[in-house]
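One structure below.
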Amino acid sequence: MRARRLVRISASLGASLLLQARNLIVSVVVFRWFADPTELWGVVSLVVAWVTLLSLPAKFGLELTAVQLVSRYREAAPRAALEAMAQASALRVALTLLASLPLVFLPAVFAPWLGLDDAPHLVAVGGWLLLTTSLYEYGTMLLSSADDFVAMMLARLMYALVNIGGIAWIAWVGLEDPAAAILWSQVAGGAASVLLSLAVLAWQVRRLARQPPVGGGAVPPAGWGMAREILRFSLPVSLVAAAGQVFSYLDRVMIPWLADIAQLGSYALASSVVAAALFGTYAFRNVARSQLPGLLLRDPAEARATLLAGYRASTAVGIWIAAGTLACASDLLRVVYGAEVDEAARMLVWFVPYVLISAHANFSATALVAADRPGAYAVLMGGLSVLNLGLNLLLIPVLGGFGAIASSTLSLVPLAVLSYRLISQVYGEVLWTWRSVGDGAVAFGRLAGLGAVASAAGWALSAPDAVHAVGAGVIVTLVFGLLMQLTGEVGRIRAAA
């Protein structure tokens, strides 16, 4: 059992790392091998941002819905799990086609609305990107619902390898339209991953079809009953996803409008680095997403313990990232990317408060969805997205990309507090007592102290050259890991696996 837990968390960690690191590696290739990389990366980021926002109706929260229902029924009622998978998948494919094909066949109609008046061909590529990316993301989440995190990691590895290899080839041959070629390489990566996911899912379907039900408990829904269950869950989940994506990507479509496309290139690079660094928090969220629904039904106390361990693990990773960012991230970014990234390097330090708050707030979203309470979180995120919009309008014209960072960070503060209040209503009011909140604050202070010591050790070594910047990052990681072990923090978060 312990070995299985280790494989699960390791594979989930690897899958999350690949998901975030792919974009980071692609950006390195762009900034090192292409001319005018900041503006080029800004154009690519603008198309990707619009594709992400336009894909929200197609997603309809169905990946999380499938994870929830398949995880709930895969042992007690395998046939119900298969029916949930089939119905959710059919709806996802239909919605994806409806969202993507208009962009493919009518790009000139949409180009003026997307700020791409002189490049309608990029809108058409964006349609194909929407199609393959939507199905790729859904397929990998289905694999996690079957508790097959190794296959999930392999599917994301396929996506990353095809995407990165394609961009490297584009840089080598020197095509005239690099923005379109970069986007096409991402389309190819998504298509390759979809094919791999389909092959593994076919095997998982056969396995579930042969698996006998455990029995006991309520009779699972079937037919139209299952369809109603999917819609009942997916609608609020889609609202959560929409609010979260709008919160994350609104600034990317506003920066070219309120500042310029080069500012977006710098901001997109810095935020990609931060997202890649946050891979550890996503790994614990993946495991929580798979484990919490069943635990809440079987053992609420164990679910609460796993929840708190997940919060602690995510916070520890966030503090580790913040420590490394303060110590050496700016130097390391300049070493890896070159002189073009000076502005992005300065932006990284501004992201430190965002990292610390988001590590907590984003885990709350996972926990609420797992508890079948996404609606309340969706309302909260919707309100904070409006707040973020107002702050962007106020700060981006003055501070450019730095203003977008400040807007996101300030908006996260009420999200972290209010989302935890919602968590306590679901997982137990004991989480909202003075003692519990005080214990959490003490735990955060202890972890922050460890991070400060590690950051100081790395900062003393760091310099803008490869040896010192990399060495400083290694020192931060080693010191923080050693202090976590010596203080017993590692043992306290093991339940998160």
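Going through the structure tokens in order, the chains are called A, B, and so on, while each chain numbers its residues from 1 and the ligands are numbered from 1 in the order shown.
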Pick out the residues sitting within 9 Å of A:Ser197, and hand them over as a list in words; count only C-alpha atoms, and ignore anything fewer than 6 positions along from it in its own chain.
->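 So, after excluding close chain neighbours, the residues are Tyr136, Gly139, Thr140, Leu142, Leu143, Ala151, Met152, Leu154 and Ala155 of chain A.
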Next, dump the selected residues to file, keeping only N, CA and C atoms, as an mmCIF file, in the first residue's frame.
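Okay, this is what ended up in result-v3.cif:
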```cif
data_model
loop_
_atom_site.group_PDB
_atom_site.id
_atom_site.type_symbol
_atom_site.label_atom_id
_atom_site.label_comp_id
_atom_site.auth_asym_id
_atom_site.auth_seq_id
_atom_site.Cartn_x
_atom_site.Cartn_y
_atom_site.Cartn_z
ATOM 1 N N TYR A 136 -7.181 16.722 -25.228
ATOM 2 C CA TYR A 136 -5.983 16.270 -24.501
ATOM 3 C C TYR A 136 -6.160 16.442 -22.992
ATOM 4 N N GLY A 139 -8.721 13.919 -21.711
ATOM 5 C CA GLY A 139 -8.217 12.549 -21.699
ATOM 6 C C GLY A 139 -7.286 12.276 -20.534
ATOM 7 N N THR A 140 -6.380 13.209 -20.246
ATOM 8 C CA THR A 140 -5.454 12.980 -19.139
ATOM 9 C C THR A 140 -6.179 12.984 -17.792
ATOM 10 N N LEU A 142 -9.266 11.954 -17.336
ATOM 11 C CA LEU A 142 -9.937 10.662 -17.252
ATOM 12 C C LEU A 142 -8.985 9.586 -16.740
ATOM 13 N N LEU A 143 -7.745 9.643 -17.177
ATOM 14 C CA LEU A 143 -6.759 8.672 -16.704
ATOM 15 C C LEU A 143 -6.569 8.785 -15.194
ATOM 16 N N ALA A 151 -0.041 6.601 -16.436
ATOM 17 C CA ALA A 151 -0.491 6.850 -17.809
ATOM 18 C C ALA A 151 -0.740 8.334 -18.036
ATOM 19 N N MET A 152 -1.267 9.011 -17.023
ATOM 20 C CA MET A 152 -1.480 10.455 -17.118
ATOM 21 C C MET A 152 -0.161 11.171 -17.374
ATOM 22 N N LEU A 154 2.558 9.838 -18.726
ATOM 23 C CA LEU A 154 3.066 9.481 -20.048
ATOM 24 C C LEU A 154 2.348 10.266 -21.155
ATOM 25 N N ALA A 155 1.039 10.470 -20.995
ATOM 26 C CA ALA A 155 0.290 11.238 -21.988
ATOM 27 C C ALA A 155 0.781 12.678 -22.038
#
```
Give me, as a JSON list (two decimals) with all heavy atoms, in the first residue's frame, all polymer residues having an atom no more than 7 Å from A:Leu348, counting only C-alpha atoms and skipping those fewer than 2 positions away in the same chain.
```json
[["chain", "number", "residue", "atom", "x", "y", "z"],
["A", 270, "ALA", "N", 7.23, 35.49, -17.31],
["A", 270, "ALA", "CA", 7.37, 35.44, -15.86],
["A", 270, "ALA", "C", 6.28, 34.57, -15.23],
["A", 270, "ALA", "O", 6.56, 33.75, -14.34],
["A", 270, "ALA", "CB", 7.31, 36.86, -15.28],
["A", 325, "THR", "N", 12.73, 32.06, -5.35],
["A", 325, "THR", "CA", 12.51, 33.25, -6.17],
["A", 325, "THR", "C", 13.28, 34.44, -5.62],
["A", 325, "THR", "O", 13.95, 35.18, -6.36],
["A", 325, "THR", "CB", 11.01, 33.58, -6.23],
["A", 325, "THR", "OG1", 10.31, 32.48, -6.80],
["A", 325, "THR", "CG2", 10.76, 34.82, -7.07],
["A", 330, "SER", "N", 15.75, 35.55, -10.42],
["A", 330, "SER", "CA", 16.03, 36.59, -11.42],
["A", 330, "SER", "C", 17.37, 36.33, -12.11],
["A", 330, "SER", "O", 17.48, 36.45, -13.34],
["A", 330, "SER", "CB", 16.03, 37.97, -10.77],
["A", 330, "SER", "OG", 14.74, 38.28, -10.26],
["A", 344, "ALA", "N", 11.14, 40.69, -17.45],
["A", 344, "ALA", "CA", 10.51, 39.50, -16.87],
["A", 344, "ALA", "C", 11.21, 39.08, -15.60],
["A", 344, "ALA", "O", 10.56, 38.63, -14.63],
["A", 344, "ALA", "CB", 10.52, 38.36, -17.89],
["A", 345, "ALA", "N", 12.54, 39.20, -15.55],
["A", 345, "ALA", "CA", 13.29, 38.83, -14.35],
["A", 345, "ALA", "C", 12.90, 39.71, -13.17],
["A", 345, "ALA", "O", 12.77, 39.24, -12.04],
["A", 345, "ALA", "CB", 14.79, 38.95, -14.63],
["A", 346, "ARG", "N", 12.68, 41.00, -13.44],
["A", 346, "ARG", "CA", 12.25, 41.90, -12.35],
["A", 346, "ARG", "C", 10.82, 41.60, -11.91],
["A", 346, "ARG", "O", 10.46, 41.83, -10.75],
["A", 346, "ARG", "CB", 12.37, 43.36, -12.81],
["A", 346, "ARG", "CG", 13.82, 43.82, -12.95],
["A", 346, "ARG", "CD", 13.94, 45.30, -13.26],
["A", 346, "ARG", "NE", 13.59, 45.61, -14.63],
["A", 346, "ARG", "CZ", 12.51, 46.30, -14.99],
["A", 346, "ARG", "NH1", 11.67, 46.75, -14.06],
["A", 346, "ARG", "NH2", 12.25, 46.56, -16.25],
["A", 350, "TRP", "N", 7.92, 40.22, -7.87],
["A", 350, "TRP", "CA", 6.55, 40.68, -7.60],
["A", 350, "TRP", "C", 5.58, 39.52, -7.43],
["A", 350, "TRP", "O", 4.51, 39.67, -6.85],
["A", 350, "TRP", "CB", 6.07, 41.58, -8.75],
["A", 350, "TRP", "CG", 6.63, 42.96, -8.72],
["A", 350, "TRP", "CD1", 7.95, 43.31, -8.70],
["A", 350, "TRP", "CD2", 5.90, 44.19, -8.71],
["A", 350, "TRP", "NE1", 8.09, 44.68, -8.69],
["A", 350, "TRP", "CE2", 6.85, 45.24, -8.70],
["A", 350, "TRP", "CE3", 4.55, 44.51, -8.73],
["A", 350, "TRP", "CZ2", 6.48, 46.59, -8.69],
["A", 350, "TRP", "CZ3", 4.17, 45.85, -8.73],
["A", 350, "TRP", "CH2", 5.13, 46.87, -8.70],
["A", 351, "PHE", "N", 5.93, 38.35, -7.95],
["A", 351, "PHE", "CA", 5.05, 37.20, -7.87],
["A", 351, "PHE", "C", 5.12, 36.46, -6.52],
["A", 351, "PHE", "O", 4.34, 35.55, -6.28],
["A", 351, "PHE", "CB", 5.39, 36.19, -8.97],
["A", 351, "PHE", "CG", 4.62, 36.39, -10.25],
["A", 351, "PHE", "CD1", 5.25, 36.90, -11.38],
["A", 351, "PHE", "CD2", 3.28, 36.06, -10.32],
["A", 351, "PHE", "CE1", 4.55, 37.08, -12.57],
["A", 351, "PHE", "CE2", 2.56, 36.24, -11.50],
["A", 351, "PHE", "CZ", 3.20, 36.75, -12.62]]
```
Two-atom distance - atom CA of A:Ala416, atom CA of A:Arg232 (Å) |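 Here the two named atoms are 25.9 Å from each other.
For the pair atom CA of A:Phe31 and atom CA of A:Gly473, the separation is 21.8 Å.
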Best match for closeness to A:Ala313 among A:Met484, A:Leu82, A:Leu130, A:Val349, counting only C-alpha atoms = A:Met484
Restricting the calculation to only C-alpha atoms, which member of A:Ala367, A:Ala88, A:Ile25, A:Val335 is positioned closest to A:Gly165?
-> A:Ile25
Taking 4 positions as the minimum chain separation for residues in the same chain, which residues sit within 10 Å of stretch 59-68 of chain A when counting only C-alpha atoms? Answer as a PDB file with N, CA and C atoms, in the first residue's frame.
```pdb
ATOM      1  N   THR A  52      -7.879  29.627 -24.543  1.00  0.00           N
ATOM      2  CA  THR A  52      -8.232  29.147 -23.201  1.00  0.00           C
ATOM      3  C   THR A  52      -9.593  29.682 -22.774  1.00  0.00           C
ATOM      4  N   LEU A  54     -12.045  30.906 -24.772  1.00  0.00           N
ATOM      5  CA  LEU A  54     -13.115  30.451 -25.660  1.00  0.00           C
ATOM      6  C   LEU A  54     -13.427  28.967 -25.489  1.00  0.00           C
ATOM      7  N   SER A  55     -12.509  28.222 -24.905  1.00  0.00           N
ATOM      8  CA  SER A  55     -12.750  26.789 -24.699  1.00  0.00           C
ATOM      9  C   SER A  55     -13.581  26.501 -23.450  1.00  0.00           C
ATOM     10  N   ARG A  72     -15.932   8.030  -7.704  1.00  0.00           N
ATOM     11  CA  ARG A  72     -16.950   7.639  -6.729  1.00  0.00           C
ATOM     12  C   ARG A  72     -17.435   6.208  -6.961  1.00  0.00           C
ATOM     13  N   TYR A  73     -17.581   5.810  -8.226  1.00  0.00           N
ATOM     14  CA  TYR A  73     -18.238   4.539  -8.533  1.00  0.00           C
ATOM     15  C   TYR A  73     -17.305   3.431  -9.007  1.00  0.00           C
ATOM     16  N   ALA A  81     -19.574   3.680 -13.203  1.00  0.00           N
ATOM     17  CA  ALA A  81     -18.392   4.473 -13.543  1.00  0.00           C
ATOM     18  C   ALA A  81     -18.202   4.536 -15.051  1.00  0.00           C
ATOM     19  N   LEU A  82     -18.406   3.399 -15.726  1.00  0.00           N
ATOM     20  CA  LEU A  82     -18.271   3.359 -17.184  1.00  0.00           C
ATOM     21  C   LEU A  82     -19.337   4.213 -17.863  1.00  0.00           C
ATOM     22  N   ALA A  84     -20.857   6.833 -16.585  1.00  0.00           N
ATOM     23  CA  ALA A  84     -20.510   8.238 -16.348  1.00  0.00           C
ATOM     24  C   ALA A  84     -19.404   8.678 -17.304  1.00  0.00           C
ATOM     25  N   MET A  85     -18.413   7.818 -17.514  1.00  0.00           N
ATOM     26  CA  MET A  85     -17.315   8.130 -18.415  1.00  0.00           C
ATOM     27  C   MET A  85     -17.821   8.301 -19.847  1.00  0.00           C
ATOM     28  N   ALA A  86     -18.683   7.402 -20.296  1.00  0.00           N
ATOM     29  CA  ALA A  86     -19.182   7.448 -21.671  1.00  0.00           C
ATOM     30  C   ALA A  86     -20.033   8.693 -21.918  1.00  0.00           C
ATOM     31  N   GLN A  87     -20.945   8.989 -21.009  1.00  0.00           N
ATOM     32  CA  GLN A  87     -21.824  10.141 -21.215  1.00  0.00           C
ATOM     33  C   GLN A  87     -21.053  11.460 -21.140  1.00  0.00           C
ATOM     34  N   ALA A  88     -20.161  11.585 -20.163  1.00  0.00           N
ATOM     35  CA  ALA A  88     -19.380  12.815 -20.044  1.00  0.00           C
ATOM     36  C   ALA A  88     -18.477  13.010 -21.258  1.00  0.00           C
ATOM     37  N   SER A  89     -17.901  11.913 -21.765  1.00  0.00           N
ATOM     38  CA  SER A  89     -16.998  12.001 -22.910  1.00  0.00           C
ATOM     39  C   SER A  89     -17.748  12.422 -24.180  1.00  0.00           C
ATOM     40  N   LEU A  91     -20.470  14.174 -24.401  1.00  0.00           N
ATOM     41  CA  LEU A  91     -20.840  15.591 -24.288  1.00  0.00           C
ATOM     42  C   LEU A  91     -19.627  16.489 -24.493  1.00  0.00           C
ATOM     43  N   ARG A  92     -18.469  16.075 -23.954  1.00  0.00           N
ATOM     44  CA  ARG A  92     -17.253  16.882 -24.096  1.00  0.00           C
ATOM     45  C   ARG A  92     -16.839  16.993 -25.566  1.00  0.00           C
ATOM     46  N   VAL A  93     -16.873  15.898 -26.296  1.00  0.00           N
ATOM     47  CA  VAL A  93     -16.494  15.926 -27.702  1.00  0.00           C
ATOM     48  C   VAL A  93     -17.440  16.836 -28.494  1.00  0.00           C
ATOM     49  N   LEU A  95     -19.337  19.388 -27.456  1.00  0.00           N
ATOM     50  CA  LEU A  95     -19.145  20.797 -27.114  1.00  0.00           C
ATOM     51  C   LEU A  95     -17.826  21.340 -27.665  1.00  0.00           C
ATOM     52  N   THR A  96     -16.800  20.504 -27.676  1.00  0.00           N
ATOM     53  CA  THR A  96     -15.506  20.928 -28.207  1.00  0.00           C
ATOM     54  C   THR A  96     -15.599  21.228 -29.698  1.00  0.00           C
ATOM     55  N   ALA A  99     -17.334  24.533 -30.302  1.00  0.00           N
ATOM     56  CA  ALA A  99     -16.534  25.706 -29.952  1.00  0.00           C
ATOM     57  C   ALA A  99     -15.385  25.937 -30.924  1.00  0.00           C
ATOM     58  N   SER A 134      -8.419  20.775 -25.788  1.00  0.00           N
ATOM     59  CA  SER A 134      -9.573  20.403 -24.971  1.00  0.00           C
ATOM     60  C   SER A 134      -9.647  18.890 -24.784  1.00  0.00           C
ATOM     61  N   LEU A 135      -9.474  18.145 -25.875  1.00  0.00           N
ATOM     62  CA  LEU A 135      -9.554  16.694 -25.781  1.00  0.00           C
ATOM     63  C   LEU A 135      -8.347  16.105 -25.054  1.00  0.00           C
ATOM     64  N   GLU A 137      -6.613  17.608 -22.578  1.00  0.00           N
ATOM     65  CA  GLU A 137      -6.795  17.855 -21.150  1.00  0.00           C
ATOM     66  C   GLU A 137      -7.839  16.907 -20.562  1.00  0.00           C
ATOM     67  N   TYR A 138      -8.919  16.694 -21.298  1.00  0.00           N
ATOM     68  CA  TYR A 138      -9.965  15.806 -20.807  1.00  0.00           C
ATOM     69  C   TYR A 138      -9.461  14.370 -20.703  1.00  0.00           C
ATOM     70  N   GLY A 139      -8.721  13.919 -21.711  1.00  0.00           N
ATOM     71  CA  GLY A 139      -8.217  12.549 -21.699  1.00  0.00           C
ATOM     72  C   GLY A 139      -7.286  12.276 -20.534  1.00  0.00           C
ATOM     73  N   THR A 140      -6.380  13.209 -20.246  1.00  0.00           N
ATOM     74  CA  THR A 140      -5.454  12.980 -19.139  1.00  0.00           C
ATOM     75  C   THR A 140      -6.179  12.984 -17.792  1.00  0.00           C
ATOM     76  N   MET A 141      -7.214  13.809 -17.647  1.00  0.00           N
ATOM     77  CA  MET A 141      -7.969  13.801 -16.399  1.00  0.00           C
ATOM     78  C   MET A 141      -8.763  12.511 -16.231  1.00  0.00           C
ATOM     79  N   LEU A 142      -9.266  11.954 -17.336  1.00  0.00           N
ATOM     80  CA  LEU A 142      -9.937  10.662 -17.252  1.00  0.00           C
ATOM     81  C   LEU A 142      -8.985   9.586 -16.740  1.00  0.00           C
ATOM     82  N   LEU A 143      -7.745   9.643 -17.177  1.00  0.00           N
ATOM     83  CA  LEU A 143      -6.759   8.672 -16.704  1.00  0.00           C
ATOM     84  C   LEU A 143      -6.569   8.785 -15.194  1.00  0.00           C
ATOM     85  N   SER A 144      -6.573  10.001 -14.671  1.00  0.00           N
ATOM     86  CA  SER A 144      -6.427  10.166 -13.223  1.00  0.00           C
ATOM     87  C   SER A 144      -7.647   9.640 -12.486  1.00  0.00           C
ATOM     88  N   SER A 145      -8.836   9.725 -13.108  1.00  0.00           N
ATOM     89  CA  SER A 145     -10.043   9.222 -12.450  1.00  0.00           C
ATOM     90  C   SER A 145      -9.995   7.713 -12.283  1.00  0.00           C
ATOM     91  N   ALA A 146      -9.231   7.030 -13.160  1.00  0.00           N
ATOM     92  CA  ALA A 146      -9.042   5.585 -13.038  1.00  0.00           C
ATOM     93  C   ALA A 146      -7.861   5.266 -12.133  1.00  0.00           C
ATOM     94  N   ASP A 147      -7.328   6.263 -11.444  1.00  0.00           N
ATOM     95  CA  ASP A 147      -6.182   6.123 -10.544  1.00  0.00           C
ATOM     96  C   ASP A 147      -4.934   5.685 -11.297  1.00  0.00           C
ATOM     97  N   GLU A 229     -27.219  13.635 -13.269  1.00  0.00           N
ATOM     98  CA  GLU A 229     -26.148  13.750 -12.282  1.00  0.00           C
ATOM     99  C   GLU A 229     -24.940  14.479 -12.873  1.00  0.00           C
ATOM    100  N   ILE A 230     -24.613  14.175 -14.129  1.00  0.00           N
ATOM    101  CA  ILE A 230     -23.502  14.853 -14.801  1.00  0.00           C
ATOM    102  C   ILE A 230     -23.785  16.340 -14.943  1.00  0.00           C
ATOM    103  N   LEU A 231     -24.978  16.677 -15.401  1.00  0.00           N
ATOM    104  CA  LEU A 231     -25.323  18.080 -15.583  1.00  0.00           C
ATOM    105  C   LEU A 231     -25.395  18.812 -14.251  1.00  0.00           C
ATOM    106  N   ARG A 232     -25.933  18.139 -13.247  1.00  0.00           N
ATOM    107  CA  ARG A 232     -26.043  18.761 -11.929  1.00  0.00           C
ATOM    108  C   ARG A 232     -24.668  19.131 -11.393  1.00  0.00           C
ATOM    109  N   PHE A 233     -23.691  18.266 -11.632  1.00  0.00           N
ATOM    110  CA  PHE A 233     -22.350  18.533 -11.116  1.00  0.00           C
ATOM    111  C   PHE A 233     -21.548  19.430 -12.039  1.00  0.00           C
ATOM    112  N   SER A 234     -21.677  19.216 -13.362  1.00  0.00           N
ATOM    113  CA  SER A 234     -20.808  19.929 -14.296  1.00  0.00           C
ATOM    114  C   SER A 234     -21.138  21.410 -14.397  1.00  0.00           C
ATOM    115  N   LEU A 235     -22.397  21.778 -14.239  1.00  0.00           N
ATOM    116  CA  LEU A 235     -22.756  23.190 -14.373  1.00  0.00           C
ATOM    117  C   LEU A 235     -22.037  24.066 -13.350  1.00  0.00           C
ATOM    118  N   PRO A 236     -22.146  23.769 -12.043  1.00  0.00           N
ATOM    119  CA  PRO A 236     -21.395  24.607 -11.097  1.00  0.00           C
ATOM    120  C   PRO A 236     -19.883  24.474 -11.249  1.00  0.00           C
ATOM    121  N   VAL A 237     -19.409  23.253 -11.622  1.00  0.00           N
ATOM    122  CA  VAL A 237     -17.973  23.094 -11.820  1.00  0.00           C
ATOM    123  C   VAL A 237     -17.502  23.957 -12.980  1.00  0.00           C
ATOM    124  N   SER A 238     -18.313  24.025 -14.041  1.00  0.00           N
ATOM    125  CA  SER A 238     -17.941  24.864 -15.181  1.00  0.00           C
ATOM    126  C   SER A 238     -17.888  26.327 -14.778  1.00  0.00           C
ATOM    127  N   LEU A 239     -18.760  26.725 -13.873  1.00  0.00           N
ATOM    128  CA  LEU A 239     -18.714  28.098 -13.384  1.00  0.00           C
ATOM    129  C   LEU A 239     -17.436  28.358 -12.594  1.00  0.00           C
ATOM    130  N   VAL A 240     -17.026  27.355 -11.795  1.00  0.00           N
ATOM    131  CA  VAL A 240     -15.758  27.483 -11.072  1.00  0.00           C
ATOM    132  C   VAL A 240     -14.602  27.621 -12.049  1.00  0.00           C
ATOM    133  N   ALA A 241     -14.575  26.726 -13.045  1.00  0.00           N
ATOM    134  CA  ALA A 241     -13.491  26.756 -14.020  1.00  0.00           C
ATOM    135  C   ALA A 241     -13.485  28.059 -14.802  1.00  0.00           C
ATOM    136  N   ALA A 242     -14.686  28.513 -15.205  1.00  0.00           N
ATOM    137  CA  ALA A 242     -14.773  29.758 -15.966  1.00  0.00           C
ATOM    138  C   ALA A 242     -14.263  30.927 -15.138  1.00  0.00           C
ATOM    139  N   ARG A 289      -7.987  15.432  -5.455  1.00  0.00           N
ATOM    140  CA  ARG A 289      -9.151  15.349  -6.343  1.00  0.00           C
ATOM    141  C   ARG A 289      -9.614  13.906  -6.512  1.00  0.00           C
ATOM    142  N   SER A 290      -8.666  12.987  -6.505  1.00  0.00           N
ATOM    143  CA  SER A 290      -8.996  11.577  -6.677  1.00  0.00           C
ATOM    144  C   SER A 290      -9.421  10.917  -5.370  1.00  0.00           C
ATOM    145  N   GLN A 291      -8.854  11.354  -4.235  1.00  0.00           N
ATOM    146  CA  GLN A 291      -9.065  10.659  -2.976  1.00  0.00           C
ATOM    147  C   GLN A 291     -10.190  11.234  -2.115  1.00  0.00           C
ATOM    148  N   LEU A 292     -10.369  12.544  -2.106  1.00  0.00           N
ATOM    149  CA  LEU A 292     -11.310  13.165  -1.176  1.00  0.00           C
ATOM    150  C   LEU A 292     -12.772  12.772  -1.406  1.00  0.00           C
ATOM    151  N   PRO A 293     -13.253  12.639  -2.666  1.00  0.00           N
ATOM    152  CA  PRO A 293     -14.674  12.278  -2.822  1.00  0.00           C
ATOM    153  C   PRO A 293     -15.052  10.994  -2.104  1.00  0.00           C
ATOM    154  N   GLY A 294     -14.222   9.944  -2.249  1.00  0.00           N
ATOM    155  CA  GLY A 294     -14.521   8.685  -1.576  1.00  0.00           C
ATOM    156  C   GLY A 294     -14.361   8.780  -0.074  1.00  0.00           C
ATOM    157  N   THR A 366     -10.062  22.781  -5.199  1.00  0.00           N
ATOM    158  CA  THR A 366     -10.062  21.324  -5.358  1.00  0.00           C
ATOM    159  C   THR A 366     -10.891  20.665  -4.265  1.00  0.00           C
ATOM    160  N   VAL A 369     -14.731  21.238  -4.799  1.00  0.00           N
ATOM    161  CA  VAL A 369     -15.257  20.427  -5.895  1.00  0.00           C
ATOM    162  C   VAL A 369     -15.361  18.975  -5.459  1.00  0.00           C
ATOM    163  N   ALA A 370     -14.350  18.479  -4.745  1.00  0.00           N
ATOM    164  CA  ALA A 370     -14.381  17.105  -4.258  1.00  0.00           C
ATOM    165  C   ALA A 370     -15.540  16.877  -3.295  1.00  0.00           C
ATOM    166  N   ALA A 371     -15.951  17.925  -2.591  1.00  0.00           N
ATOM    167  CA  ALA A 371     -17.053  17.827  -1.640  1.00  0.00           C
ATOM    168  C   ALA A 371     -18.406  18.100  -2.291  1.00  0.00           C
ATOM    169  N   ASP A 372     -18.432  18.175  -3.632  1.00  0.00           N
ATOM    170  CA  ASP A 372     -19.680  18.397  -4.360  1.00  0.00           C
ATOM    171  C   ASP A 372     -20.285  19.759  -4.019  1.00  0.00           C
TER     172      ASP A 372
END
```
9 Å contact set for A:Ile182, only C-alpha atoms, chain neighbours under 3 positions out, as a PyMOL selection string | chain A and resi 26+30+44+163+166-167+170+177-179+185-187
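The protein and nucleic acid residues lying at most 12 Å from A:Leu332 are Val273, Gly324, Thr325, Leu326, Ala327, Tyr337, Gly338, Ala339, Val341, Asp342, Ala344, Ala345, Arg346, Leu348, Gly458, Trp459, Ser462, Ala463, Pro464, Asp465, Ala466, Val467, His468, Ala469, Val470, Gly471, Ala472, Gly473 and Val474 of chain A, with only C-alpha atoms considered and sequence neighbours fewer than 5 positions away removed.
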Excluding A:Tyr249 and any residue of its chain fewer than 5 positions from it, enumerate the residues within 12 Å of it, using only C-alpha atoms, and give them as a VMD selection string.
-> chain A and resid 45 to 54 56 241 to 244 254 to 255 264 267 to 268 271 to 272 385 388 to 389 392 404 to 405 408
Running DSSP on the backbone, which parts of stretch 75-219 of chain A land in alpha helix (DSSP H), as an NGL selection string?
-> :A and (78-105 or 107-110 or 120-145 or 149-173 or 178-210)
Top pick for closest residue to A:His121, considering A:Leu98, A:Gln211, A:Ala181, A:Leu157 and counting only C-alpha atoms | A:Ala181
Closest of A:Leu418, A:Leu461, A:Leu131, A:Ala288 to A:Ala309, counting only C-alpha atoms, is A:Ala288
From the set A:Gly481, A:Pro57, A:Gly190, A:Gly390, which residue has the shortest atom-to-atom contact distance to A:Leu250, counting only C-alpha atoms?
-> A:Gly390
Contacts of A:Ala322 at 12 Å or less, counting only C-alpha atoms, minus same-chain residues fewer than 5 places along, as a PyMOL selection string?
-> chain A and resi 274+277-278+315-317+327-329+348-359+447-456+458+473+476-477+480
